[in-house]
Every structure is written in C-alpha cells, then in structure tokens.
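**Q** Below are the structure tokens for one structure; questions will follow.
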Amino acid sequence: QKVVMRNIVHRAIQVMEEAAHKCNFTFQNKVYLLEAELAAHQSKHKRARVAYNDAISTARSSGFIHEQGLACEMAGLHYKRIGDLKRSMTFLCQAQECYFRWGSKLKTHAVAVELERVVEMQTKKFLD
C-alpha cells in the first residue's frame with residue numbers, strides 16, 4: 001500500500017515538473033508543495049522546510065494568493081504535527097491572511113479554527 005502511494009506521489013511530482021518546464025510561472029510552486037509534503041511524510045524536516053518556503057515564495061511571486069495560502073496552511077499543519085507550535089502559528093496566520101485577501105470566508109474561518117487549536121496547544125504546553 002505504501003509503495004503504491006509513494007509511486008503515485010513520485011509520478012505526480014514528475015508530471016508537475018514536466019508542466020513546470022513548459023510553464024514555470026504556473027506550475028513550479030505546485031512542484032515545491034508536492035515535494036514539501038513528500039519530505040514531511042518521510043520526516044525529512046529540513047527538506048520539507050525548504051520546499052514549503054519555496055512553494056510559498058513562488059506562489060507569491062506568481063500572484064497565486066490562494067496557492068500561497070495553501071502552501072502556508074500545509075506548512076502550518078506540518079509544524080503542528082512535529083510540535084513546532086510557534087512556526088505552526090506563524091504559517092497558519094499567513095494562510096489566514098492569504099485566504100482573506102483571496103476572498104474566501106470559508107477557508108479564512110477554517111484556518112482560524114485550526115489556529116485556535118494550535119494556540120490552545122501552545123498555552124497548555126506553556127502552562128505544563
């Protein structure tokens with residue numbers, strides 16, 4: 001099962017890389033985000049950090065505010081999973097701002113709820 005999923009992910013990255021060679025502006029941030037998610041899943045945290053940052057910056061420079069928001073959100077969730085709550089809050093705040101600027105009330109609210117959970121976790125950690 002894991003091998004099948006890994007092959008699917010690697011193939012998706014390959015397809016996006018081919019698309020990025022033809023239109024870097026549109027597809028490169030998606031390649032970085034897929035690479036970040038793969039690295040995060042494999043517990044390659046340094047590689048994930050670099051790829052999330054690359055996904056965010058290329059989405060921003062391409063003007064894809066919703067994809068910048070997605071990359072920030074995924075980075076925030078990654079940092080939550082590994083217990084880096086300060087970074088998680090930073091990225092979730094950035095995601096919330098992107099979704100707000102994009103005009104999505106639903107995503108803005110969903111990220112606000114997730115951000116509240118992380119703040120509660122951070123508060124509990126601080127008090128313990």
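Going through the structure tokens in order, the chains are called A, B, and so on, while each chain numbers its residues from 1 and the ligands are numbered from 1 in the order shown.
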Residues within 12 Å of A:Phe27, please, as a list in words. Count only C-alpha atoms; anything in the same chain fewer than 5 positions from it doesn't count.
**A**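 Within the cut-off, the hits are Ala12, Ile13, Gln14, Val15, Met16, Glu17, Glu18, Ala19, Ala20, His21, Lys22, Tyr32, Leu33, Leu34, Ala55, Thr58, Ala59, Ser62, Phe64 and Glu67 of chain A.
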**Q** Within 8 Å of stretch 85-102 of chain A, which residues of stretch 11-78 of chain A show up? Give each one with its shortest atom-to-atom distance in Å (one decimal) and the two atoms involved, counting only C-alpha atoms, rows by chain then rising residue number, as JSON lines.
**A**
```
{"residue": "A:Ile65", "atom": "CA", "partner": "A:Cys98", "partner_atom": "CA", "distance": 5.8}
{"residue": "A:His66", "atom": "CA", "partner": "A:Tyr99", "partner_atom": "CA", "distance": 6.1}
{"residue": "A:Gln68", "atom": "CA", "partner": "A:Cys98", "partner_atom": "CA", "distance": 6.9}
{"residue": "A:Gly69", "atom": "CA", "partner": "A:Ala95", "partner_atom": "CA", "distance": 4.2}
{"residue": "A:Leu70", "atom": "CA", "partner": "A:Ala95", "partner_atom": "CA", "distance": 6.7}
{"residue": "A:Ala71", "atom": "CA", "partner": "A:Ala95", "partner_atom": "CA", "distance": 7.7}
{"residue": "A:Cys72", "atom": "CA", "partner": "A:Ala95", "partner_atom": "CA", "distance": 5.0}
{"residue": "A:Glu73", "atom": "CA", "partner": "A:Ala95", "partner_atom": "CA", "distance": 5.2}
{"residue": "A:Ala75", "atom": "CA", "partner": "A:Phe91", "partner_atom": "CA", "distance": 6.4}
{"residue": "A:Gly76", "atom": "CA", "partner": "A:Ser88", "partner_atom": "CA", "distance": 4.0}
{"residue": "A:Leu77", "atom": "CA", "partner": "A:Ser88", "partner_atom": "CA", "distance": 6.4}
{"residue": "A:His78", "atom": "CA", "partner": "A:Ser88", "partner_atom": "CA", "distance": 7.4}
```
**Q** Kindly save the residues from that selection, with N, CA and C atoms included, as a short mmCIF file (atom, residue, chain, number, x, y, z; two decimals), in the first residue's frame.
**A**
```cif
data_model
loop_
_atom_site.label_atom_id
_atom_site.label_comp_id
_atom_site.auth_asym_id
_atom_site.auth_seq_id
_atom_site.Cartn_x
_atom_site.Cartn_y
_atom_site.Cartn_z
N ILE A 65 -2.40 33.93 -4.90
CA ILE A 65 -2.60 34.13 -3.47
C ILE A 65 -3.26 32.92 -2.81
N HIS A 66 -4.17 32.24 -3.53
CA HIS A 66 -4.83 31.07 -2.95
C HIS A 66 -3.85 29.91 -2.81
N GLN A 68 -0.57 30.32 -2.46
CA GLN A 68 0.31 30.75 -1.38
C GLN A 68 -0.34 30.40 -0.04
N GLY A 69 -1.65 30.65 0.07
CA GLY A 69 -2.39 30.30 1.27
C GLY A 69 -2.35 28.81 1.55
N LEU A 70 -2.52 28.02 0.51
CA LEU A 70 -2.48 26.57 0.67
C LEU A 70 -1.11 26.10 1.15
N ALA A 71 -0.05 26.64 0.56
CA ALA A 71 1.30 26.26 0.98
C ALA A 71 1.56 26.67 2.43
N CYS A 72 1.11 27.85 2.80
CA CYS A 72 1.25 28.29 4.20
C CYS A 72 0.46 27.39 5.14
N GLU A 73 -0.75 27.06 4.74
CA GLU A 73 -1.59 26.19 5.56
C GLU A 73 -0.95 24.81 5.75
N ALA A 75 2.20 24.02 5.46
CA ALA A 75 3.39 24.19 6.30
C ALA A 75 2.98 24.30 7.77
N GLY A 76 1.96 25.08 8.03
CA GLY A 76 1.47 25.23 9.41
C GLY A 76 1.03 23.91 10.01
N LEU A 77 0.34 23.10 9.23
CA LEU A 77 -0.11 21.79 9.72
C LEU A 77 1.08 20.86 9.93
N HIS A 78 2.07 20.94 9.05
CA HIS A 78 3.28 20.14 9.22
C HIS A 78 3.97 20.48 10.54
#
```
**Q** Using only C-alpha atoms, find the one residue out of A:Ser43, A:Val50, A:Ala112, A:Ile56 that sits nearest to A:Lys30.
**A**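 Closest residue, counting only C-alpha atoms: A:Ile56.
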**Q** I'd like the neighbourhood of A:His41 as a ChimeraX atom specification, where a residue qualifies if any of its atoms comes within 12 Å (using only C-alpha atoms), though same-chain residues fewer than 2 positions away should be ignored.
**A** /A:2,5-6,9,34-39,43-45,47-48,74-75,77-79,81-82
